[in-house]
Amino acid sequence: MARIFCIANQKGGVGKTTTCVNLAAGMARIGRRVLVVDLDPQGNATMGSGIDKRTLELSVYDVLLEAATIPEARRRSDKAGYDLLGANRELAGAEVELVALERRQGRLKSALAAVRDDYDFVLIDCPPSLSLLTLNGLCSAHGVIVPMQCEYFALEGLSDLVNTIKQVHANLNRDLEIIGLLRVMFDPRITLQQQVSEQLKAHFGGKVFETVIPRNVRLAEAPSYGVPGVVFDPASKGAVAFVDFAREMVARLGAAPAAASAA
């Protein structure tokens with residue numbers, strides 16, 4: 001049965017989408033079956049997976065409105081090795097339409113229940129705001145992976161996110177927890193980043209992943225080629241770090257490979 005994780009941070013520009021698609025590609029590389037759900041109307045995870053959001057006949061928008069199922073709407077990212085439930089600008093309108101509907105915060109959870117045996121992991125790329133879209137992701141998930149830069153303002157944003165997760169856990173999803181904090185765009189030459197990193201480890205302990213994603217030009221270039229950095233330049237420091245992170249995630253969760261679980 002799939003483990004479902006949101007990649008979330010209420011602060012924008014911290015590498016959520018980069019983390020989502022590269023973690024998915026890294027997991028696919030080590031033999032896991034992965035579905036990426038793009039919950040951001042900008043559709044960056046869709047484009048970054050090599051699928052043109054403008055050509056989507058069905059998207060996560062249709063799934064949330066129950067006009068389509070995930071098997072009908074998902075697409076295969078052959079280059080990256082995982083399935084994608086894509087998003088485009090239509091998703092921005094879902095916010096308004098969902099308000100008047102029943103089970104508005106649980107629609108994604110219901111849709112994912114039908115495909116939970118098809119995957120080992122489902123990764124949900126959330127928008128940077130706390131909206132009905134983000135709420136659908138949080139209500140569906142077993143846990144949250146928080147990518148964050150080691151900077152002062154990131155610490156302030158983290159406290160807001162932790163409070164949000166506590167509220168969702170208390171009121172809507174008792175399974176929800178923070179799986180871990182991932183330090184991204186890290187430059188060890190900057191003293192402040194080292195200091196913030198140490199503060200994170202002191203405060204959150206084992207919730208801070210051992211893997212650190214370095215600041216890497218190849219990761220930044222990859223979206224313009226429509227592939228995750230893990231595929232674009234597998235030998236780059238950023239790609240190697242994300243594959244290491246995928247292994248750390250699998251080891252932490254004790255998840256067996258698909259072949260092993262089927263044997």
# chains A, B, ... in the order shown; residues from 1 in each chain; ligands from 1
$ closest_atom_pairs --of "region 20-53 of chain A" --to "region 239-245 of chain A" --cutoff "7 Å" --atoms "only C-alpha atoms" --output "JSON lines"
{"residue": "A:Asn22", "atom": "CA", "partner": "A:Phe242", "partner_atom": "CA", "distance": 6.2}
{"residue": "A:Leu23", "atom": "CA", "partner": "A:Phe242", "partner_atom": "CA", "distance": 5.9}
{"residue": "A:Gly26", "atom": "CA", "partner": "A:Val243", "partner_atom": "CA", "distance": 4.5}
$ select_by_dssp --residues "region 11-236 of chain A" --states "alpha helix (DSSP H)" --output "ChimeraX atom specification"
/A:16-29,44-47,60-64,70-73,90-99,107-113,132-140,152-171,191-204,217-221,229-232
$ closest_atom_pairs --of "region 57-161 of chain A" --to "region 9-13 of chain A" --cutoff "9 Å" --atoms "only C-alpha atoms" --output "tab-separated table"
residue	atom	partner	partner_atom	distance
A:Cys126	CA	A:Asn9	CA	8.0
A:Pro127	CA	A:Gln10	CA	7.8
A:Pro128	CA	A:Gln10	CA	4.5
A:Ser129	CA	A:Gln10	CA	5.3
A:Leu130	CA	A:Gln10	CA	6.9
A:Ile145	CA	A:Asn9	CA	8.6
A:Val146	CA	A:Asn9	CA	5.9
A:Pro147	CA	A:Asn9	CA	6.9
A:Met148	CA	A:Asn9	CA	7.6
A:Phe153	CA	A:Lys11	CA	9.0
A:Ala154	CA	A:Lys11	CA	7.3
A:Gly157	CA	A:Lys11	CA	6.0
A:Leu158	CA	A:Asn9	CA	7.4
A:Asp160	CA	A:Gln10	CA	7.7
A:Leu161	CA	A:Gln10	CA	6.3
$ write_last_selection --atoms "all heavy atoms" --output "compact mmCIF listing (two decimals), in the first residue's frame"
# COMPACT_ATOMS: atom_id res chain seq x y z
N CYS A 126 2.60 20.62 -3.14
CA CYS A 126 1.59 21.57 -2.68
C CYS A 126 1.95 23.01 -3.06
O CYS A 126 3.13 23.36 -3.12
CB CYS A 126 1.44 21.49 -1.16
SG CYS A 126 0.72 19.95 -0.58
N PRO A 127 0.95 23.85 -3.28
CA PRO A 127 1.21 25.28 -3.48
C PRO A 127 1.71 25.92 -2.19
O PRO A 127 1.54 25.35 -1.11
CB PRO A 127 -0.15 25.85 -3.90
CG PRO A 127 -1.15 24.86 -3.39
CD PRO A 127 -0.48 23.53 -3.39
N PRO A 128 2.33 27.10 -2.27
CA PRO A 128 2.94 27.70 -1.08
C PRO A 128 1.97 28.32 -0.08
O PRO A 128 2.39 28.75 0.99
CB PRO A 128 3.87 28.77 -1.68
CG PRO A 128 3.27 29.11 -3.00
CD PRO A 128 2.66 27.84 -3.50
N SER A 129 0.70 28.37 -0.41
CA SER A 129 -0.27 28.97 0.51
C SER A 129 -1.12 27.88 1.16
O SER A 129 -1.23 26.77 0.64
CB SER A 129 -1.19 29.94 -0.24
OG SER A 129 -1.87 29.24 -1.27
N LEU A 130 -1.71 28.20 2.32
CA LEU A 130 -2.65 27.28 2.94
C LEU A 130 -4.02 27.51 2.32
O LEU A 130 -4.74 28.43 2.68
CB LEU A 130 -2.71 27.49 4.45
CG LEU A 130 -3.65 26.53 5.19
CD1 LEU A 130 -3.25 25.09 4.94
CD2 LEU A 130 -3.68 26.83 6.67
N ILE A 145 6.97 16.23 4.17
CA ILE A 145 8.40 16.47 3.99
C ILE A 145 8.56 17.97 3.76
O ILE A 145 7.91 18.53 2.87
CB ILE A 145 8.95 15.68 2.79
CG1 ILE A 145 8.77 14.18 3.03
CG2 ILE A 145 10.42 16.01 2.54
CD1 ILE A 145 8.99 13.33 1.79
N VAL A 146 9.38 18.61 4.56
CA VAL A 146 9.52 20.07 4.51
C VAL A 146 10.90 20.44 3.95
O VAL A 146 11.90 20.33 4.66
CB VAL A 146 9.35 20.69 5.91
CG1 VAL A 146 9.38 22.22 5.81
CG2 VAL A 146 8.06 20.22 6.57
N PRO A 147 10.95 20.87 2.69
CA PRO A 147 12.22 21.39 2.18
C PRO A 147 12.41 22.82 2.67
O PRO A 147 11.46 23.61 2.65
CB PRO A 147 12.04 21.34 0.66
CG PRO A 147 10.57 21.42 0.45
CD PRO A 147 9.90 20.87 1.67
N MET A 148 13.60 23.15 3.11
CA MET A 148 13.82 24.51 3.59
C MET A 148 15.27 24.93 3.42
O MET A 148 16.18 24.11 3.50
CB MET A 148 13.39 24.66 5.04
CG MET A 148 14.13 23.82 6.04
SD MET A 148 13.60 24.24 7.71
CE MET A 148 14.11 25.95 7.85
N PHE A 153 14.70 33.78 7.76
CA PHE A 153 13.26 33.89 7.50
C PHE A 153 12.62 32.51 7.31
O PHE A 153 11.44 32.33 7.56
CB PHE A 153 13.00 34.77 6.28
CG PHE A 153 13.22 36.24 6.55
CD1 PHE A 153 14.07 36.99 5.75
CD2 PHE A 153 12.59 36.88 7.60
CE1 PHE A 153 14.28 38.33 6.01
CE2 PHE A 153 12.79 38.22 7.87
CZ PHE A 153 13.65 38.95 7.07
N ALA A 154 13.42 31.54 6.86
CA ALA A 154 12.90 30.19 6.70
C ALA A 154 12.50 29.61 8.06
O ALA A 154 11.53 28.86 8.16
CB ALA A 154 13.94 29.31 6.02
N GLY A 157 9.05 30.96 8.93
CA GLY A 157 8.01 30.29 8.15
C GLY A 157 7.77 28.87 8.63
O GLY A 157 6.65 28.36 8.58
N LEU A 158 8.83 28.23 9.13
CA LEU A 158 8.70 26.85 9.61
C LEU A 158 7.77 26.75 10.80
O LEU A 158 6.97 25.82 10.90
CB LEU A 158 10.09 26.30 9.97
CG LEU A 158 10.13 24.87 10.49
CD1 LEU A 158 9.57 23.90 9.45
CD2 LEU A 158 11.56 24.48 10.85
N ASP A 160 5.18 28.58 11.43
CA ASP A 160 3.80 28.67 10.92
C ASP A 160 3.35 27.33 10.35
O ASP A 160 2.21 26.89 10.57
CB ASP A 160 3.71 29.75 9.84
CG ASP A 160 3.93 31.15 10.39
OD1 ASP A 160 3.74 31.35 11.60
OD2 ASP A 160 4.30 32.05 9.60
N LEU A 161 4.24 26.68 9.59
CA LEU A 161 3.89 25.40 8.98
C LEU A 161 3.65 24.33 10.05
O LEU A 161 2.70 23.55 9.95
CB LEU A 161 5.00 24.95 8.03
CG LEU A 161 4.78 23.60 7.34
CD1 LEU A 161 3.55 23.64 6.45
CD2 LEU A 161 6.01 23.20 6.53
$ residues_around --residues "Gly229 (chain A)" --least-positions-apart "6" --cutoff "8 Å" --atoms "only C-alpha atoms" --output "PyMOL selection string"
chain A and resi 22+218-223+238-239
$ atom_distance --atom1 "CA of Met27 (chain A)" --atom2 "CA of Phe204 (chain A)"
24.9 Å
$ residues_around --residues "region 34-42 of chain A" --least-positions-apart "4" --cutoff "6 Å" --atoms "only C-alpha atoms" --output "list in words"
Tyr82, Asp83, Leu84, Leu85, Gly86, Ala87, Asn88, Arg89, Leu91, Ala92, Tyr119, Phe121, Val122, Leu123, Ile124, Asp125, Cys126 and Pro127 of chain A
$ write_last_selection --atoms "N, CA, C and O atoms" --output "PDB file, in the first residue's frame"
ATOM      1  N   TYR A  82       8.231   7.743 -13.550  1.00  0.00           N
ATOM      2  CA  TYR A  82       7.120   7.715 -12.597  1.00  0.00           C
ATOM      3  C   TYR A  82       5.840   8.202 -13.283  1.00  0.00           C
ATOM      4  O   TYR A  82       5.869   8.752 -14.381  1.00  0.00           O
ATOM      5  N   ASP A  83       4.703   7.975 -12.617  1.00  0.00           N
ATOM      6  CA  ASP A  83       3.418   8.472 -13.104  1.00  0.00           C
ATOM      7  C   ASP A  83       3.153   9.859 -12.536  1.00  0.00           C
ATOM      8  O   ASP A  83       3.642  10.207 -11.448  1.00  0.00           O
ATOM      9  N   LEU A  84       2.346  10.615 -13.265  1.00  0.00           N
ATOM     10  CA  LEU A  84       2.044  11.994 -12.861  1.00  0.00           C
ATOM     11  C   LEU A  84       0.560  12.275 -12.996  1.00  0.00           C
ATOM     12  O   LEU A  84      -0.055  11.945 -14.008  1.00  0.00           O
ATOM     13  N   LEU A  85      -0.009  12.888 -11.971  1.00  0.00           N
ATOM     14  CA  LEU A  85      -1.344  13.473 -12.052  1.00  0.00           C
ATOM     15  C   LEU A  85      -1.125  14.968 -12.180  1.00  0.00           C
ATOM     16  O   LEU A  85      -0.788  15.646 -11.212  1.00  0.00           O
ATOM     17  N   GLY A  86      -1.248  15.471 -13.407  1.00  0.00           N
ATOM     18  CA  GLY A  86      -0.791  16.811 -13.738  1.00  0.00           C
ATOM     19  C   GLY A  86      -1.773  17.920 -13.378  1.00  0.00           C
ATOM     20  O   GLY A  86      -2.932  17.681 -13.022  1.00  0.00           O
ATOM     21  N   ALA A  87      -1.272  19.149 -13.489  1.00  0.00           N
ATOM     22  CA  ALA A  87      -2.073  20.337 -13.187  1.00  0.00           C
ATOM     23  C   ALA A  87      -1.809  21.411 -14.231  1.00  0.00           C
ATOM     24  O   ALA A  87      -0.752  21.452 -14.853  1.00  0.00           O
ATOM     25  N   ASN A  88      -2.807  22.278 -14.394  1.00  0.00           N
ATOM     26  CA  ASN A  88      -2.647  23.452 -15.260  1.00  0.00           C
ATOM     27  C   ASN A  88      -3.483  24.597 -14.665  1.00  0.00           C
ATOM     28  O   ASN A  88      -3.946  24.516 -13.530  1.00  0.00           O
ATOM     29  N   ARG A  89      -3.679  25.643 -15.443  1.00  0.00           N
ATOM     30  CA  ARG A  89      -4.353  26.834 -14.907  1.00  0.00           C
ATOM     31  C   ARG A  89      -5.786  26.578 -14.462  1.00  0.00           C
ATOM     32  O   ARG A  89      -6.326  27.312 -13.638  1.00  0.00           O
ATOM     33  N   LEU A  91      -6.783  24.532 -12.488  1.00  0.00           N
ATOM     34  CA  LEU A  91      -6.800  24.198 -11.075  1.00  0.00           C
ATOM     35  C   LEU A  91      -7.054  25.421 -10.195  1.00  0.00           C
ATOM     36  O   LEU A  91      -7.597  25.300  -9.096  1.00  0.00           O
ATOM     37  N   ALA A  92      -6.680  26.595 -10.677  1.00  0.00           N
ATOM     38  CA  ALA A  92      -6.926  27.818  -9.906  1.00  0.00           C
ATOM     39  C   ALA A  92      -8.416  28.009  -9.652  1.00  0.00           C
ATOM     40  O   ALA A  92      -8.831  28.514  -8.597  1.00  0.00           O
ATOM     41  N   TYR A 119       1.100   1.818  -6.195  1.00  0.00           N
ATOM     42  CA  TYR A 119       2.343   2.551  -5.966  1.00  0.00           C
ATOM     43  C   TYR A 119       2.941   2.228  -4.599  1.00  0.00           C
ATOM     44  O   TYR A 119       2.243   1.803  -3.684  1.00  0.00           O
ATOM     45  N   PHE A 121       4.978   4.819  -3.339  1.00  0.00           N
ATOM     46  CA  PHE A 121       4.971   6.177  -2.796  1.00  0.00           C
ATOM     47  C   PHE A 121       4.131   7.102  -3.670  1.00  0.00           C
ATOM     48  O   PHE A 121       4.158   6.999  -4.901  1.00  0.00           O
ATOM     49  N   VAL A 122       3.394   7.997  -3.016  1.00  0.00           N
ATOM     50  CA  VAL A 122       2.713   9.098  -3.687  1.00  0.00           C
ATOM     51  C   VAL A 122       3.284  10.387  -3.108  1.00  0.00           C
ATOM     52  O   VAL A 122       3.283  10.579  -1.884  1.00  0.00           O
ATOM     53  N   LEU A 123       3.790  11.263  -3.983  1.00  0.00           N
ATOM     54  CA  LEU A 123       4.366  12.536  -3.556  1.00  0.00           C
ATOM     55  C   LEU A 123       3.492  13.668  -4.071  1.00  0.00           C
ATOM     56  O   LEU A 123       3.240  13.753  -5.279  1.00  0.00           O
ATOM     57  N   ILE A 124       3.026  14.522  -3.182  1.00  0.00           N
ATOM     58  CA  ILE A 124       2.106  15.604  -3.538  1.00  0.00           C
ATOM     59  C   ILE A 124       2.842  16.937  -3.464  1.00  0.00           C
ATOM     60  O   ILE A 124       3.325  17.324  -2.397  1.00  0.00           O
ATOM     61  N   ASP A 125       2.918  17.625  -4.587  1.00  0.00           N
ATOM     62  CA  ASP A 125       3.557  18.938  -4.638  1.00  0.00           C
ATOM     63  C   ASP A 125       2.501  19.996  -4.324  1.00  0.00           C
ATOM     64  O   ASP A 125       1.602  20.252  -5.127  1.00  0.00           O
ATOM     65  N   CYS A 126       2.603  20.616  -3.136  1.00  0.00           N
ATOM     66  CA  CYS A 126       1.588  21.567  -2.682  1.00  0.00           C
ATOM     67  C   CYS A 126       1.951  23.006  -3.057  1.00  0.00           C
ATOM     68  O   CYS A 126       3.130  23.357  -3.123  1.00  0.00           O
ATOM     69  N   PRO A 127       0.946  23.854  -3.280  1.00  0.00           N
ATOM     70  CA  PRO A 127       1.210  25.284  -3.483  1.00  0.00           C
ATOM     71  C   PRO A 127       1.710  25.918  -2.192  1.00  0.00           C
ATOM     72  O   PRO A 127       1.543  25.349  -1.106  1.00  0.00           O
TER      73      PRO A 127
END
$ atom_distance --atom1 "CA of Tyr152 (chain A)" --atom2 "CA of Leu132 (chain A)"
28.0 Å
$ select_by_dssp --residues "region 45-149 of chain A" --states "strand (DSSP E or B)" --output "PyMOL selection string"
chain A and resi 75-77+82-85+121-125+143-148
$ write_last_selection --atoms "C-alpha atoms" --output "compact mmCIF listing (two decimals), in the first residue's frame"
# COMPACT_ATOMS: atom_id res chain seq x y z
CA ARG A 75 0.20 10.28 -17.41
CA ARG A 76 3.49 8.41 -17.58
CA SER A 77 6.71 10.39 -17.43
CA TYR A 82 7.12 7.72 -12.60
CA ASP A 83 3.42 8.47 -13.10
CA LEU A 84 2.04 11.99 -12.86
CA LEU A 85 -1.34 13.47 -12.05
CA PHE A 121 4.97 6.18 -2.80
CA VAL A 122 2.71 9.10 -3.69
CA LEU A 123 4.37 12.54 -3.56
CA ILE A 124 2.11 15.60 -3.54
CA ASP A 125 3.56 18.94 -4.64
CA GLY A 143 3.27 12.78 6.52
CA VAL A 144 4.91 15.99 5.39
CA ILE A 145 8.40 16.47 3.99
CA VAL A 146 9.52 20.07 4.51
CA PRO A 147 12.22 21.39 2.18
CA MET A 148 13.82 24.51 3.59
$ residues_around --residues "region 162-177 of chain A" --least-positions-apart "5" --cutoff "8 Å" --atoms "only C-alpha atoms" --output "number ranges by chain"
A: 138-144
$ closest_residue --among "A:Lys79, A:Arg247, A:Arg74, A:Arg104" --to "Phe232 (chain A)" --atoms "only C-alpha atoms"
A:Lys79
$ closest_residue --among "A:Gln193, A:Gln149, A:Asn44, A:Thr134" --to "Cys6 (chain A)" --atoms "only C-alpha atoms"
A:Thr134
$ closest_residue --among "A:Arg189, A:Arg32, A:Lys109, A:His203" --to "Glu66 (chain A)" --atoms "only C-alpha atoms"
A:Lys109
$ closest_residue --among "A:Glu90, A:Ala24, A:Val63, A:Phe209" --to "Gly43 (chain A)" --atoms "only C-alpha atoms"
A:Glu90
$ closest_residue --among "A:Thr55, A:Gly205, A:Leu200, A:Arg107" --to "Glu151 (chain A)" --atoms "only C-alpha atoms"
A:Leu200
$ residues_around --residues "Cys150 (chain A)" --least-positions-apart "6" --cutoff "12 Å" --atoms "only C-alpha atoms" --output "list in words"
Val14, Glu156, Gly157, Leu158, Leu181, Leu182, Arg183, Val184, Met185, Phe186, Asp187, Pro188, Ile190, Thr191, Leu192, Gln193, Gln194, Gln195, Val196, Ser197, Glu198, Gln199, Leu200, Lys201, Val208, Val212, Ile213, Pro214 and Arg215 of chain A
$ decode --residues "region 76-143 of chain A" --atoms "C-alpha atoms" --output "mmCIF file, in the first residue's frame"
data_model
loop_
_atom_site.group_PDB
_atom_site.id
_atom_site.type_symbol
_atom_site.label_atom_id
_atom_site.label_comp_id
_atom_site.auth_asym_id
_atom_site.auth_seq_id
_atom_site.Cartn_x
_atom_site.Cartn_y
_atom_site.Cartn_z
ATOM 1 C CA ARG A 76 3.485 8.409 -17.578
ATOM 2 C CA SER A 77 6.713 10.390 -17.426
ATOM 3 C CA ASP A 78 8.850 7.985 -19.419
ATOM 4 C CA LYS A 79 12.004 10.040 -19.008
ATOM 5 C CA ALA A 80 11.686 10.253 -15.226
ATOM 6 C CA GLY A 81 10.217 6.797 -14.607
ATOM 7 C CA TYR A 82 7.120 7.715 -12.597
ATOM 8 C CA ASP A 83 3.418 8.472 -13.104
ATOM 9 C CA LEU A 84 2.044 11.994 -12.861
ATOM 10 C CA LEU A 85 -1.344 13.473 -12.052
ATOM 11 C CA GLY A 86 -0.791 16.811 -13.738
ATOM 12 C CA ALA A 87 -2.073 20.337 -13.187
ATOM 13 C CA ASN A 88 -2.647 23.452 -15.260
ATOM 14 C CA ARG A 89 -4.353 26.834 -14.907
ATOM 15 C CA GLU A 90 -7.787 25.223 -14.584
ATOM 16 C CA LEU A 91 -6.800 24.198 -11.075
ATOM 17 C CA ALA A 92 -6.926 27.818 -9.906
ATOM 18 C CA GLY A 93 -10.692 27.723 -10.442
ATOM 19 C CA ALA A 94 -11.057 24.598 -8.329
ATOM 20 C CA GLU A 95 -10.584 26.678 -5.178
ATOM 21 C CA VAL A 96 -13.850 28.527 -5.802
ATOM 22 C CA GLU A 97 -15.751 25.471 -7.034
ATOM 23 C CA LEU A 98 -14.720 23.263 -4.121
ATOM 24 C CA VAL A 99 -16.040 25.672 -1.482
ATOM 25 C CA ALA A 100 -19.655 24.786 -2.240
ATOM 26 C CA LEU A 101 -19.097 21.022 -2.508
ATOM 27 C CA GLU A 102 -19.416 18.276 0.081
ATOM 28 C CA ARG A 103 -16.213 16.613 1.369
ATOM 29 C CA ARG A 104 -14.291 19.486 -0.157
ATOM 30 C CA GLN A 105 -11.102 18.818 1.816
ATOM 31 C CA GLY A 106 -11.205 15.026 1.364
ATOM 32 C CA ARG A 107 -11.650 14.582 -2.351
ATOM 33 C CA LEU A 108 -8.039 13.834 -3.174
ATOM 34 C CA LYS A 109 -7.888 11.288 -0.347
ATOM 35 C CA SER A 110 -10.906 9.459 -1.773
ATOM 36 C CA ALA A 111 -9.387 9.434 -5.265
ATOM 37 C CA LEU A 112 -6.023 8.139 -4.029
ATOM 38 C CA ALA A 113 -7.676 5.291 -2.132
ATOM 39 C CA ALA A 114 -8.521 3.671 -5.475
ATOM 40 C CA VAL A 115 -4.858 3.484 -6.569
ATOM 41 C CA ARG A 116 -3.098 2.892 -3.241
ATOM 42 C CA ASP A 117 -1.995 -0.602 -4.317
ATOM 43 C CA ASP A 118 -0.529 0.652 -7.605
ATOM 44 C CA TYR A 119 2.343 2.551 -5.966
ATOM 45 C CA ASP A 120 4.919 2.392 -3.214
ATOM 46 C CA PHE A 121 4.971 6.177 -2.796
ATOM 47 C CA VAL A 122 2.713 9.098 -3.687
ATOM 48 C CA LEU A 123 4.366 12.536 -3.556
ATOM 49 C CA ILE A 124 2.106 15.604 -3.538
ATOM 50 C CA ASP A 125 3.557 18.938 -4.638
ATOM 51 C CA CYS A 126 1.588 21.567 -2.682
ATOM 52 C CA PRO A 127 1.210 25.284 -3.483
ATOM 53 C CA PRO A 128 2.941 27.702 -1.084
ATOM 54 C CA SER A 129 -0.272 28.969 0.513
ATOM 55 C CA LEU A 130 -2.650 27.277 2.941
ATOM 56 C CA SER A 131 -5.596 26.796 0.610
ATOM 57 C CA LEU A 132 -8.223 24.161 -0.093
ATOM 58 C CA LEU A 133 -5.747 22.575 -2.485
ATOM 59 C CA THR A 134 -3.060 22.321 0.183
ATOM 60 C CA LEU A 135 -5.688 21.108 2.646
ATOM 61 C CA ASN A 136 -6.647 18.304 0.249
ATOM 62 C CA GLY A 137 -3.013 17.276 0.145
ATOM 63 C CA LEU A 138 -2.570 17.373 3.926
ATOM 64 C CA CYS A 139 -5.782 15.428 4.525
ATOM 65 C CA SER A 140 -4.575 12.718 2.120
ATOM 66 C CA ALA A 141 -1.068 12.294 3.483
ATOM 67 C CA HIS A 142 0.629 10.121 6.058
ATOM 68 C CA GLY A 143 3.275 12.775 6.522
#
